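Scroll down for the structure; my scribbles are underneath it.
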Amino acid sequence: MTKPTFIAIDWGTSNARFALVDENGAMLEEKQGQGIAKIDGAAAIEFTCFEAIADWITLHPALPVLMAGMVGSNIGWREAAYVETPTSTRKIISAANLFEARGTRCAILPGVKTERQADGLPDLMRGEETQIIGTAKDGLICLPGTHSKWVRLTDGEIAAFHTAQTGELLELLGKHSILLNPRRAPTAQIGPSFKDGVETACRNTLGLESLLFTVRSRQVTGDLPAEDADSYLTGLVIGSEIRSALISHDGSETVQLIGSPGLTALYAAAFDVAGKRSTQVDGQTASLAGLARAYQDIFG
């Protein structure tokens, strides 16, 4: 076993990932935990953190802790202020919040904020910038998730981005609308119904607010089997996201997908239907690579 160098924490709204990392940026051990939204206050977050990493700290008391994600938000442990676009890897890392807790050196990377090019309204990201630091190349990047991010990376800088609340919208529609059977957990699959939903959203002049009701109407008329409704719904929402996002972007370039393999596979299939090329990168791998890069600049 190689020597541990630091503890990396990717702490989002819904989940936390704690990793013991060696000098080459490779993960030696991993633990999962609750997201920030499920923990009440900074003191409880600190307790949760040190409870999760207690055995690592005991064995390796000098290890620093490097964090990214919602842990640095105004509902997190310690706030790490947003940096504005355009911004580089160097600017993001240099804006980290450095502090000491329980005798351990800690750092939290900041988020990024922007004024959206399409409408001038503010937008935010936390955590996704770490994944971009780790793996992304210049071009158009899509990071699907609860709050999907579409990012333009130019000359190594985050030039602009916008958010699509796709994952959260799907969860709300699945649990709190008449579109799906509330007694059945949604399990979207890549197949004809999913692709039908994507194609319907991409070619239709009506907006998502009108297309959503077809999930119900097509079931009632027998045009859509109830067991395929969740896949069709997912295709509609992802297809609508893609259609909106690609309006202002070059249709010939390949989109870089960064996220969980299951989710990036859904988006890659949707891009195929939309006639768009894509590549896939595992989000956990990207996040760890970004934190390892930041570690070198902050603690290395």
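Chain labels follow the order of the structure tokens: the first chain is A, the next B, and so on; residue numbering restarts at 1 in every chain, and ligands are counted from 1 in their shown order.
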
Taking a cut-off of 12 Å and counting only C-alpha atoms, can you build a table that, for each residue of segment 220-241 of chain A near segment 132-150 of chain A, reports the nearest atom pair and how far apart they are in Å (one decimal), sorted by chain then residue number, as CSV?
residue,atom,partner,partner_atom,distance
A:Val237,CA,A:Ser148,CA,11.8
A:Ile238,CA,A:Pro144,CA,9.4
A:Glu241,CA,A:Ser148,CA,9.1

Generate a file of the selected residues that holds all heavy atoms, formatted as a CSV table (one decimal), in the first residue's frame.
chain,number,residue,atom,x,y,z
A,237,VAL,N,-37.7,15.3,-20.7
A,237,VAL,CA,-37.0,16.4,-19.9
A,237,VAL,C,-35.6,16.5,-20.3
A,237,VAL,O,-35.1,17.7,-20.5
A,237,VAL,CB,-37.1,16.1,-18.4
A,237,VAL,CG1,-36.4,17.1,-17.6
A,237,VAL,CG2,-38.6,16.0,-18.0
A,238,ILE,N,-34.8,15.4,-20.5
A,238,ILE,CA,-33.5,15.5,-21.0
A,238,ILE,C,-33.4,16.1,-22.4
A,238,ILE,O,-32.6,16.9,-22.7
A,238,ILE,CB,-32.8,14.2,-20.9
A,238,ILE,CG1,-32.6,13.8,-19.4
A,238,ILE,CG2,-31.4,14.2,-21.6
A,238,ILE,CD1,-31.9,12.4,-19.3
A,241,GLU,N,-33.9,19.8,-22.2
A,241,GLU,CA,-32.6,20.4,-21.8
A,241,GLU,C,-31.6,20.5,-22.9
A,241,GLU,O,-31.0,21.6,-23.1
A,241,GLU,CB,-32.0,19.6,-20.6
A,241,GLU,CG,-30.7,20.1,-20.1
A,241,GLU,CD,-30.0,19.1,-19.2
A,241,GLU,OE1,-30.6,18.2,-18.7
A,241,GLU,OE2,-28.8,19.3,-19.0

Let's see if you can do this: from backbone DSSP, list all alpha helix (DSSP H) residues in segment 76-269 of chain A, as a PDB file with N, CA, C and O atoms, in the first residue's frame.
ATOM      1  N   THR A  89      -8.133  27.647 -13.392  1.00  0.00           N
ATOM      2  CA  THR A  89      -7.830  26.708 -12.321  1.00  0.00           C
ATOM      3  C   THR A  89      -7.057  27.388 -11.207  1.00  0.00           C
ATOM      4  O   THR A  89      -7.348  27.204 -10.015  1.00  0.00           O
ATOM      5  N   ARG A  90      -6.076  28.210 -11.580  1.00  0.00           N
ATOM      6  CA  ARG A  90      -5.254  28.901 -10.576  1.00  0.00           C
ATOM      7  C   ARG A  90      -6.106  29.809  -9.698  1.00  0.00           C
ATOM      8  O   ARG A  90      -5.948  29.835  -8.473  1.00  0.00           O
ATOM      9  N   LYS A  91      -7.022  30.564 -10.297  1.00  0.00           N
ATOM     10  CA  LYS A  91      -7.870  31.474  -9.529  1.00  0.00           C
ATOM     11  C   LYS A  91      -8.794  30.711  -8.586  1.00  0.00           C
ATOM     12  O   LYS A  91      -9.017  31.130  -7.442  1.00  0.00           O
ATOM     13  N   ILE A  92      -9.332  29.603  -9.056  1.00  0.00           N
ATOM     14  CA  ILE A  92     -10.233  28.816  -8.211  1.00  0.00           C
ATOM     15  C   ILE A  92      -9.488  28.260  -7.005  1.00  0.00           C
ATOM     16  O   ILE A  92      -9.933  28.386  -5.862  1.00  0.00           O
ATOM     17  N   ILE A  93      -8.334  27.666  -7.249  1.00  0.00           N
ATOM     18  CA  ILE A  93      -7.578  27.056  -6.157  1.00  0.00           C
ATOM     19  C   ILE A  93      -7.074  28.106  -5.171  1.00  0.00           C
ATOM     20  O   ILE A  93      -7.094  27.907  -3.953  1.00  0.00           O
ATOM     21  N   SER A  94      -6.639  29.264  -5.686  1.00  0.00           N
ATOM     22  CA  SER A  94      -6.109  30.312  -4.806  1.00  0.00           C
ATOM     23  C   SER A  94      -7.190  30.931  -3.928  1.00  0.00           C
ATOM     24  O   SER A  94      -6.872  31.585  -2.926  1.00  0.00           O
ATOM     25  N   GLU A 128     -18.852  21.107  -9.369  1.00  0.00           N
ATOM     26  CA  GLU A 128     -18.607  20.792 -10.774  1.00  0.00           C
ATOM     27  C   GLU A 128     -17.293  21.388 -11.266  1.00  0.00           C
ATOM     28  O   GLU A 128     -16.625  20.803 -12.124  1.00  0.00           O
ATOM     29  N   GLU A 129     -16.916  22.547 -10.729  1.00  0.00           N
ATOM     30  CA  GLU A 129     -15.657  23.171 -11.157  1.00  0.00           C
ATOM     31  C   GLU A 129     -14.461  22.276 -10.822  1.00  0.00           C
ATOM     32  O   GLU A 129     -13.463  22.259 -11.540  1.00  0.00           O
ATOM     33  N   THR A 130     -14.571  21.487  -9.738  1.00  0.00           N
ATOM     34  CA  THR A 130     -13.501  20.570  -9.373  1.00  0.00           C
ATOM     35  C   THR A 130     -13.380  19.443 -10.396  1.00  0.00           C
ATOM     36  O   THR A 130     -12.271  19.024 -10.747  1.00  0.00           O
ATOM     37  N   GLN A 131     -14.497  18.960 -10.888  1.00  0.00           N
ATOM     38  CA  GLN A 131     -14.479  17.937 -11.931  1.00  0.00           C
ATOM     39  C   GLN A 131     -13.875  18.481 -13.218  1.00  0.00           C
ATOM     40  O   GLN A 131     -13.146  17.781 -13.924  1.00  0.00           O
ATOM     41  N   ILE A 132     -14.168  19.736 -13.518  1.00  0.00           N
ATOM     42  CA  ILE A 132     -13.619  20.371 -14.726  1.00  0.00           C
ATOM     43  C   ILE A 132     -12.104  20.532 -14.595  1.00  0.00           C
ATOM     44  O   ILE A 132     -11.356  20.256 -15.537  1.00  0.00           O
ATOM     45  N   ILE A 133     -11.652  20.974 -13.424  1.00  0.00           N
ATOM     46  CA  ILE A 133     -10.214  21.111 -13.176  1.00  0.00           C
ATOM     47  C   ILE A 133      -9.499  19.789 -13.423  1.00  0.00           C
ATOM     48  O   ILE A 133      -8.398  19.735 -13.970  1.00  0.00           O
ATOM     49  N   GLY A 134     -10.160  18.686 -13.056  1.00  0.00           N
ATOM     50  CA  GLY A 134      -9.504  17.392 -13.112  1.00  0.00           C
ATOM     51  C   GLY A 134      -9.357  16.800 -14.492  1.00  0.00           C
ATOM     52  O   GLY A 134      -8.347  16.155 -14.779  1.00  0.00           O
ATOM     53  N   THR A 135     -10.332  17.024 -15.386  1.00  0.00           N
ATOM     54  CA  THR A 135     -10.314  16.248 -16.623  1.00  0.00           C
ATOM     55  C   THR A 135     -10.681  16.988 -17.906  1.00  0.00           C
ATOM     56  O   THR A 135     -10.365  16.510 -18.991  1.00  0.00           O
ATOM     57  N   THR A 166     -32.669  19.711 -14.158  1.00  0.00           N
ATOM     58  CA  THR A 166     -33.266  18.525 -14.753  1.00  0.00           C
ATOM     59  C   THR A 166     -33.501  17.403 -13.748  1.00  0.00           C
ATOM     60  O   THR A 166     -34.602  16.848 -13.656  1.00  0.00           O
ATOM     61  N   GLY A 167     -32.473  17.026 -12.998  1.00  0.00           N
ATOM     62  CA  GLY A 167     -32.611  15.912 -12.066  1.00  0.00           C
ATOM     63  C   GLY A 167     -33.653  16.166 -11.001  1.00  0.00           C
ATOM     64  O   GLY A 167     -34.471  15.291 -10.687  1.00  0.00           O
ATOM     65  N   GLU A 168     -33.644  17.357 -10.443  1.00  0.00           N
ATOM     66  CA  GLU A 168     -34.613  17.688  -9.399  1.00  0.00           C
ATOM     67  C   GLU A 168     -36.028  17.738  -9.975  1.00  0.00           C
ATOM     68  O   GLU A 168     -36.990  17.307  -9.332  1.00  0.00           O
ATOM     69  N   LEU A 169     -36.160  18.282 -11.187  1.00  0.00           N
ATOM     70  CA  LEU A 169     -37.470  18.340 -11.838  1.00  0.00           C
ATOM     71  C   LEU A 169     -38.032  16.940 -12.055  1.00  0.00           C
ATOM     72  O   LEU A 169     -39.217  16.677 -11.793  1.00  0.00           O
ATOM     73  N   LEU A 170     -37.202  16.019 -12.522  1.00  0.00           N
ATOM     74  CA  LEU A 170     -37.653  14.646 -12.732  1.00  0.00           C
ATOM     75  C   LEU A 170     -38.099  13.987 -11.423  1.00  0.00           C
ATOM     76  O   LEU A 170     -39.100  13.263 -11.392  1.00  0.00           O
ATOM     77  N   GLU A 171     -37.367  14.254 -10.357  1.00  0.00           N
ATOM     78  CA  GLU A 171     -37.743  13.681  -9.063  1.00  0.00           C
ATOM     79  C   GLU A 171     -39.094  14.222  -8.598  1.00  0.00           C
ATOM     80  O   GLU A 171     -39.956  13.471  -8.121  1.00  0.00           O
ATOM     81  N   LEU A 172     -39.288  15.525  -8.744  1.00  0.00           N
ATOM     82  CA  LEU A 172     -40.553  16.138  -8.330  1.00  0.00           C
ATOM     83  C   LEU A 172     -41.717  15.618  -9.162  1.00  0.00           C
ATOM     84  O   LEU A 172     -42.784  15.296  -8.632  1.00  0.00           O
ATOM     85  N   LEU A 173     -41.521  15.533 -10.468  1.00  0.00           N
ATOM     86  CA  LEU A 173     -42.589  15.053 -11.348  1.00  0.00           C
ATOM     87  C   LEU A 173     -42.918  13.591 -11.071  1.00  0.00           C
ATOM     88  O   LEU A 173     -44.084  13.182 -11.120  1.00  0.00           O
ATOM     89  N   GLY A 174     -41.886  12.797 -10.771  1.00  0.00           N
ATOM     90  CA  GLY A 174     -42.111  11.388 -10.501  1.00  0.00           C
ATOM     91  C   GLY A 174     -42.866  11.134  -9.213  1.00  0.00           C
ATOM     92  O   GLY A 174     -43.648  10.190  -9.117  1.00  0.00           O
ATOM     93  N   LYS A 175     -42.646  12.002  -8.209  1.00  0.00           N
ATOM     94  CA  LYS A 175     -43.239  11.776  -6.890  1.00  0.00           C
ATOM     95  C   LYS A 175     -44.493  12.597  -6.620  1.00  0.00           C
ATOM     96  O   LYS A 175     -45.322  12.204  -5.788  1.00  0.00           O
ATOM     97  N   HIS A 176     -44.634  13.738  -7.288  1.00  0.00           N
ATOM     98  CA  HIS A 176     -45.681  14.681  -6.893  1.00  0.00           C
ATOM     99  C   HIS A 176     -46.523  15.174  -8.068  1.00  0.00           C
ATOM    100  O   HIS A 176     -47.039  16.295  -8.025  1.00  0.00           O
ATOM    101  N   PRO A 192     -36.732   2.404 -26.698  1.00  0.00           N
ATOM    102  CA  PRO A 192     -37.590   3.143 -27.621  1.00  0.00           C
ATOM    103  C   PRO A 192     -38.371   4.285 -26.978  1.00  0.00           C
ATOM    104  O   PRO A 192     -38.493   5.364 -27.574  1.00  0.00           O
ATOM    105  N   SER A 193     -38.910   4.069 -25.782  1.00  0.00           N
ATOM    106  CA  SER A 193     -39.720   5.116 -25.143  1.00  0.00           C
ATOM    107  C   SER A 193     -38.864   6.307 -24.725  1.00  0.00           C
ATOM    108  O   SER A 193     -39.279   7.460 -24.859  1.00  0.00           O
ATOM    109  N   PHE A 194     -37.677   6.026 -24.187  1.00  0.00           N
ATOM    110  CA  PHE A 194     -36.765   7.113 -23.835  1.00  0.00           C
ATOM    111  C   PHE A 194     -36.388   7.916 -25.079  1.00  0.00           C
ATOM    112  O   PHE A 194     -36.455   9.151 -25.091  1.00  0.00           O
ATOM    113  N   LYS A 195     -36.020   7.223 -26.143  1.00  0.00           N
ATOM    114  CA  LYS A 195     -35.610   7.899 -27.370  1.00  0.00           C
ATOM    115  C   LYS A 195     -36.779   8.644 -28.005  1.00  0.00           C
ATOM    116  O   LYS A 195     -36.600   9.730 -28.585  1.00  0.00           O
ATOM    117  N   ASP A 196     -37.990   8.099 -27.871  1.00  0.00           N
ATOM    118  CA  ASP A 196     -39.190   8.780 -28.350  1.00  0.00           C
ATOM    119  C   ASP A 196     -39.374  10.104 -27.610  1.00  0.00           C
ATOM    120  O   ASP A 196     -39.710  11.132 -28.204  1.00  0.00           O
ATOM    121  N   GLY A 197     -39.143  10.083 -26.289  1.00  0.00           N
ATOM    122  CA  GLY A 197     -39.263  11.311 -25.505  1.00  0.00           C
ATOM    123  C   GLY A 197     -38.251  12.355 -25.927  1.00  0.00           C
ATOM    124  O   GLY A 197     -38.575  13.544 -26.072  1.00  0.00           O
ATOM    125  N   VAL A 198     -37.004  11.924 -26.137  1.00  0.00           N
ATOM    126  CA  VAL A 198     -35.966  12.856 -26.576  1.00  0.00           C
ATOM    127  C   VAL A 198     -36.327  13.457 -27.937  1.00  0.00           C
ATOM    128  O   VAL A 198     -36.260  14.680 -28.126  1.00  0.00           O
ATOM    129  N   GLU A 199     -36.714  12.606 -28.871  1.00  0.00           N
ATOM    130  CA  GLU A 199     -37.044  13.076 -30.221  1.00  0.00           C
ATOM    131  C   GLU A 199     -38.240  14.021 -30.194  1.00  0.00           C
ATOM    132  O   GLU A 199     -38.247  15.056 -30.882  1.00  0.00           O
ATOM    133  N   THR A 200     -39.252  13.704 -29.388  1.00  0.00           N
ATOM    134  CA  THR A 200     -40.426  14.563 -29.266  1.00  0.00           C
ATOM    135  C   THR A 200     -40.040  15.948 -28.766  1.00  0.00           C
ATOM    136  O   THR A 200     -40.504  16.971 -29.288  1.00  0.00           O
ATOM    137  N   ALA A 201     -39.171  15.997 -27.756  1.00  0.00           N
ATOM    138  CA  ALA A 201     -38.746  17.284 -27.207  1.00  0.00           C
ATOM    139  C   ALA A 201     -37.892  18.070 -28.186  1.00  0.00           C
ATOM    140  O   ALA A 201     -38.010  19.296 -28.292  1.00  0.00           O
ATOM    141  N   CYS A 202     -37.038  17.370 -28.929  1.00  0.00           N
ATOM    142  CA  CYS A 202     -36.106  18.055 -29.829  1.00  0.00           C
ATOM    143  C   CYS A 202     -36.789  18.609 -31.074  1.00  0.00           C
ATOM    144  O   CYS A 202     -36.359  19.630 -31.626  1.00  0.00           O
ATOM    145  N   ARG A 203     -37.834  17.957 -31.546  1.00  0.00           N
ATOM    146  CA  ARG A 203     -38.452  18.382 -32.810  1.00  0.00           C
ATOM    147  C   ARG A 203     -39.703  19.229 -32.610  1.00  0.00           C
ATOM    148  O   ARG A 203     -40.204  19.840 -33.544  1.00  0.00           O
ATOM    149  N   LEU A 208     -41.636  22.491 -22.875  1.00  0.00           N
ATOM    150  CA  LEU A 208     -41.753  21.353 -21.964  1.00  0.00           C
ATOM    151  C   LEU A 208     -43.029  21.421 -21.146  1.00  0.00           C
ATOM    152  O   LEU A 208     -43.633  20.391 -20.848  1.00  0.00           O
ATOM    153  N   GLU A 209     -43.473  22.629 -20.793  1.00  0.00           N
ATOM    154  CA  GLU A 209     -44.681  22.770 -19.982  1.00  0.00           C
ATOM    155  C   GLU A 209     -45.908  22.183 -20.684  1.00  0.00           C
ATOM    156  O   GLU A 209     -46.862  21.755 -20.020  1.00  0.00           O
ATOM    157  N   SER A 210     -45.880  22.140 -22.024  1.00  0.00           N
ATOM    158  CA  SER A 210     -46.974  21.534 -22.786  1.00  0.00           C
ATOM    159  C   SER A 210     -46.722  20.061 -23.084  1.00  0.00           C
ATOM    160  O   SER A 210     -47.650  19.247 -23.122  1.00  0.00           O
ATOM    161  N   LEU A 211     -45.459  19.699 -23.298  1.00  0.00           N
ATOM    162  CA  LEU A 211     -45.128  18.321 -23.652  1.00  0.00           C
ATOM    163  C   LEU A 211     -45.301  17.363 -22.472  1.00  0.00           C
ATOM    164  O   LEU A 211     -45.595  16.185 -22.659  1.00  0.00           O
ATOM    165  N   THR A 214     -48.271  15.011 -22.156  1.00  0.00           N
ATOM    166  CA  THR A 214     -48.388  13.863 -23.062  1.00  0.00           C
ATOM    167  C   THR A 214     -47.967  12.562 -22.376  1.00  0.00           C
ATOM    168  O   THR A 214     -48.314  11.479 -22.856  1.00  0.00           O
ATOM    169  N   VAL A 215     -47.223  12.657 -21.272  1.00  0.00           N
ATOM    170  CA  VAL A 215     -46.901  11.446 -20.505  1.00  0.00           C
ATOM    171  C   VAL A 215     -48.194  10.811 -20.006  1.00  0.00           C
ATOM    172  O   VAL A 215     -48.357   9.579 -20.033  1.00  0.00           O
ATOM    173  N   ARG A 216     -49.129  11.633 -19.587  1.00  0.00           N
ATOM    174  CA  ARG A 216     -50.429  11.114 -19.139  1.00  0.00           C
ATOM    175  C   ARG A 216     -51.356  10.801 -20.314  1.00  0.00           C
ATOM    176  O   ARG A 216     -51.946   9.718 -20.381  1.00  0.00           O
ATOM    177  N   SER A 217     -51.467  11.738 -21.251  1.00  0.00           N
ATOM    178  CA  SER A 217     -52.442  11.565 -22.340  1.00  0.00           C
ATOM    179  C   SER A 217     -52.116  10.336 -23.193  1.00  0.00           C
ATOM    180  O   SER A 217     -53.022   9.609 -23.629  1.00  0.00           O
ATOM    181  N   ARG A 218     -50.842  10.070 -23.393  1.00  0.00           N
ATOM    182  CA  ARG A 218     -50.474   8.918 -24.217  1.00  0.00           C
ATOM    183  C   ARG A 218     -50.715   7.601 -23.478  1.00  0.00           C
ATOM    184  O   ARG A 218     -50.980   6.571 -24.098  1.00  0.00           O
ATOM    185  N   GLN A 219     -50.631   7.623 -22.148  1.00  0.00           N
ATOM    186  CA  GLN A 219     -50.993   6.422 -21.382  1.00  0.00           C
ATOM    187  C   GLN A 219     -52.502   6.182 -21.443  1.00  0.00           C
ATOM    188  O   GLN A 219     -52.951   5.040 -21.635  1.00  0.00           O
ATOM    189  N   VAL A 220     -53.288   7.243 -21.300  1.00  0.00           N
ATOM    190  CA  VAL A 220     -54.744   7.123 -21.300  1.00  0.00           C
ATOM    191  C   VAL A 220     -55.255   6.608 -22.643  1.00  0.00           C
ATOM    192  O   VAL A 220     -56.174   5.770 -22.708  1.00  0.00           O
ATOM    193  N   ALA A 229     -43.619   4.713 -19.123  1.00  0.00           N
ATOM    194  CA  ALA A 229     -43.898   6.145 -18.972  1.00  0.00           C
ATOM    195  C   ALA A 229     -42.732   6.897 -18.346  1.00  0.00           C
ATOM    196  O   ALA A 229     -42.446   8.043 -18.716  1.00  0.00           O
ATOM    197  N   ASP A 230     -42.047   6.273 -17.364  1.00  0.00           N
ATOM    198  CA  ASP A 230     -40.930   6.962 -16.726  1.00  0.00           C
ATOM    199  C   ASP A 230     -39.783   7.186 -17.711  1.00  0.00           C
ATOM    200  O   ASP A 230     -39.116   8.216 -17.686  1.00  0.00           O
ATOM    201  N   SER A 231     -39.548   6.226 -18.591  1.00  0.00           N
ATOM    202  CA  SER A 231     -38.496   6.397 -19.599  1.00  0.00           C
ATOM    203  C   SER A 231     -38.859   7.502 -20.586  1.00  0.00           C
ATOM    204  O   SER A 231     -38.003   8.306 -20.971  1.00  0.00           O
ATOM    205  N   TYR A 232     -40.116   7.522 -21.005  1.00  0.00           N
ATOM    206  CA  TYR A 232     -40.575   8.575 -21.920  1.00  0.00           C
ATOM    207  C   TYR A 232     -40.457   9.946 -21.253  1.00  0.00           C
ATOM    208  O   TYR A 232     -39.980  10.915 -21.867  1.00  0.00           O
ATOM    209  N   LEU A 233     -40.886  10.054 -19.987  1.00  0.00           N
ATOM    210  CA  LEU A 233     -40.788  11.312 -19.249  1.00  0.00           C
ATOM    211  C   LEU A 233     -39.339  11.781 -19.154  1.00  0.00           C
ATOM    212  O   LEU A 233     -39.027  12.957 -19.389  1.00  0.00           O
ATOM    213  N   THR A 234     -38.439  10.856 -18.809  1.00  0.00           N
ATOM    214  CA  THR A 234     -37.021  11.209 -18.697  1.00  0.00           C
ATOM    215  C   THR A 234     -36.485  11.691 -20.040  1.00  0.00           C
ATOM    216  O   THR A 234     -35.730  12.669 -20.108  1.00  0.00           O
ATOM    217  N   GLY A 235     -36.867  11.019 -21.116  1.00  0.00           N
ATOM    218  CA  GLY A 235     -36.449  11.453 -22.445  1.00  0.00           C
ATOM    219  C   GLY A 235     -36.950  12.827 -22.789  1.00  0.00           C
ATOM    220  O   GLY A 235     -36.220  13.646 -23.367  1.00  0.00           O
ATOM    221  N   LEU A 236     -38.205  13.122 -22.428  1.00  0.00           N
ATOM    222  CA  LEU A 236     -38.762  14.456 -22.682  1.00  0.00           C
ATOM    223  C   LEU A 236     -37.952  15.545 -21.979  1.00  0.00           C
ATOM    224  O   LEU A 236     -37.600  16.570 -22.580  1.00  0.00           O
ATOM    225  N   VAL A 237     -37.679  15.336 -20.699  1.00  0.00           N
ATOM    226  CA  VAL A 237     -37.019  16.374 -19.904  1.00  0.00           C
ATOM    227  C   VAL A 237     -35.561  16.547 -20.346  1.00  0.00           C
ATOM    228  O   VAL A 237     -35.086  17.678 -20.512  1.00  0.00           O
ATOM    229  N   ILE A 238     -34.841  15.441 -20.532  1.00  0.00           N
ATOM    230  CA  ILE A 238     -33.451  15.545 -20.990  1.00  0.00           C
ATOM    231  C   ILE A 238     -33.401  16.106 -22.409  1.00  0.00           C
ATOM    232  O   ILE A 238     -32.553  16.949 -22.736  1.00  0.00           O
ATOM    233  N   GLY A 239     -34.320  15.667 -23.263  1.00  0.00           N
ATOM    234  CA  GLY A 239     -34.357  16.195 -24.624  1.00  0.00           C
ATOM    235  C   GLY A 239     -34.614  17.684 -24.656  1.00  0.00           C
ATOM    236  O   GLY A 239     -34.008  18.426 -25.444  1.00  0.00           O
ATOM    237  N   SER A 240     -35.507  18.158 -23.786  1.00  0.00           N
ATOM    238  CA  SER A 240     -35.779  19.594 -23.701  1.00  0.00           C
ATOM    239  C   SER A 240     -34.555  20.365 -23.220  1.00  0.00           C
ATOM    240  O   SER A 240     -34.241  21.453 -23.720  1.00  0.00           O
ATOM    241  N   GLU A 241     -33.855  19.790 -22.246  1.00  0.00           N
ATOM    242  CA  GLU A 241     -32.616  20.418 -21.760  1.00  0.00           C
ATOM    243  C   GLU A 241     -31.591  20.548 -22.892  1.00  0.00           C
ATOM    244  O   GLU A 241     -30.975  21.609 -23.082  1.00  0.00           O
ATOM    245  N   ILE A 242     -31.403  19.469 -23.638  1.00  0.00           N
ATOM    246  CA  ILE A 242     -30.428  19.468 -24.730  1.00  0.00           C
ATOM    247  C   ILE A 242     -30.812  20.463 -25.810  1.00  0.00           C
ATOM    248  O   ILE A 242     -29.981  21.230 -26.309  1.00  0.00           O
ATOM    249  N   ARG A 243     -32.097  20.467 -26.178  1.00  0.00           N
ATOM    250  CA  ARG A 243     -32.551  21.394 -27.212  1.00  0.00           C
ATOM    251  C   ARG A 243     -32.267  22.843 -26.812  1.00  0.00           C
ATOM    252  O   ARG A 243     -31.745  23.630 -27.612  1.00  0.00           O
ATOM    253  N   SER A 244     -32.587  23.198 -25.590  1.00  0.00           N
ATOM    254  CA  SER A 244     -32.364  24.570 -25.124  1.00  0.00           C
ATOM    255  C   SER A 244     -30.881  24.911 -25.075  1.00  0.00           C
ATOM    256  O   SER A 244     -30.470  26.000 -25.477  1.00  0.00           O
ATOM    257  N   ALA A 245     -30.075  23.961 -24.573  1.00  0.00           N
ATOM    258  CA  ALA A 245     -28.652  24.238 -24.392  1.00  0.00           C
ATOM    259  C   ALA A 245     -27.918  24.398 -25.714  1.00  0.00           C
ATOM    260  O   ALA A 245     -26.981  25.204 -25.820  1.00  0.00           O
ATOM    261  N   LEU A 246     -28.325  23.640 -26.708  1.00  0.00           N
ATOM    262  CA  LEU A 246     -27.578  23.640 -27.968  1.00  0.00           C
ATOM    263  C   LEU A 246     -27.952  24.778 -28.907  1.00  0.00           C
ATOM    264  O   LEU A 246     -27.287  24.975 -29.925  1.00  0.00           O
ATOM    265  N   PRO A 261     -21.686   7.140 -14.377  1.00  0.00           N
ATOM    266  CA  PRO A 261     -21.785   6.387 -15.631  1.00  0.00           C
ATOM    267  C   PRO A 261     -23.217   6.148 -16.103  1.00  0.00           C
ATOM    268  O   PRO A 261     -23.500   6.253 -17.306  1.00  0.00           O
ATOM    269  N   GLY A 262     -24.122   5.827 -15.186  1.00  0.00           N
ATOM    270  CA  GLY A 262     -25.500   5.598 -15.589  1.00  0.00           C
ATOM    271  C   GLY A 262     -26.151   6.825 -16.179  1.00  0.00           C
ATOM    272  O   GLY A 262     -26.900   6.753 -17.163  1.00  0.00           O
ATOM    273  N   LEU A 263     -25.859   7.976 -15.582  1.00  0.00           N
ATOM    274  CA  LEU A 263     -26.462   9.228 -16.046  1.00  0.00           C
ATOM    275  C   LEU A 263     -25.829   9.705 -17.347  1.00  0.00           C
ATOM    276  O   LEU A 263     -26.530  10.160 -18.264  1.00  0.00           O
ATOM    277  N   THR A 264     -24.509   9.614 -17.459  1.00  0.00           N
ATOM    278  CA  THR A 264     -23.877  10.044 -18.708  1.00  0.00           C
ATOM    279  C   THR A 264     -24.284   9.134 -19.865  1.00  0.00           C
ATOM    280  O   THR A 264     -24.379   9.579 -21.011  1.00  0.00           O
ATOM    281  N   ALA A 265     -24.581   7.854 -19.567  1.00  0.00           N
ATOM    282  CA  ALA A 265     -25.056   6.948 -20.620  1.00  0.00           C
ATOM    283  C   ALA A 265     -26.419   7.397 -21.141  1.00  0.00           C
ATOM    284  O   ALA A 265     -26.678   7.349 -22.354  1.00  0.00           O
ATOM    285  N   LEU A 266     -27.304   7.835 -20.239  1.00  0.00           N
ATOM    286  CA  LEU A 266     -28.599   8.362 -20.658  1.00  0.00           C
ATOM    287  C   LEU A 266     -28.421   9.572 -21.563  1.00  0.00           C
ATOM    288  O   LEU A 266     -29.061   9.686 -22.620  1.00  0.00           O
ATOM    289  N   TYR A 267     -27.556  10.487 -21.158  1.00  0.00           N
ATOM    290  CA  TYR A 267     -27.335  11.705 -21.946  1.00  0.00           C
ATOM    291  C   TYR A 267     -26.666  11.382 -23.275  1.00  0.00           C
ATOM    292  O   TYR A 267     -27.001  11.988 -24.301  1.00  0.00           O
ATOM    293  N   ALA A 268     -25.729  10.448 -23.270  1.00  0.00           N
ATOM    294  CA  ALA A 268     -25.078  10.076 -24.522  1.00  0.00           C
ATOM    295  C   ALA A 268     -26.096   9.515 -25.509  1.00  0.00           C
ATOM    296  O   ALA A 268     -26.048   9.809 -26.713  1.00  0.00           O
ATOM    297  N   ALA A 269     -27.034   8.693 -25.001  1.00  0.00           N
ATOM    298  CA  ALA A 269     -28.087   8.163 -25.867  1.00  0.00           C
ATOM    299  C   ALA A 269     -28.981   9.280 -26.383  1.00  0.00           C
ATOM    300  O   ALA A 269     -29.406   9.265 -27.549  1.00  0.00           O
TER     301      ALA A 269
END

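The closest residue to Lys31 of chain A, picked from A:Asp223, A:Glu157, A:Glu51, A:Asp123 and counting only C-alpha atoms, is A:Glu51.
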
- Query: Hey, what does DSSP flag as strand (DSSP E) within segment 43-93 of chain A? Can you give it to me as a PyMOL selection string?
  - Reply: chain A and resi 65-69+83-84+87-88

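For the pair atom CA of Thr2 of chain A and atom CA of Cys49 of chain A, the separation is 23.6 Å.
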
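Using only C-alpha atoms for every distance, the candidate list A:Arg152, A:Arg277, A:Ile298, A:Leu224 yields A:Arg152 as the residue closest to Ser248 of chain A.
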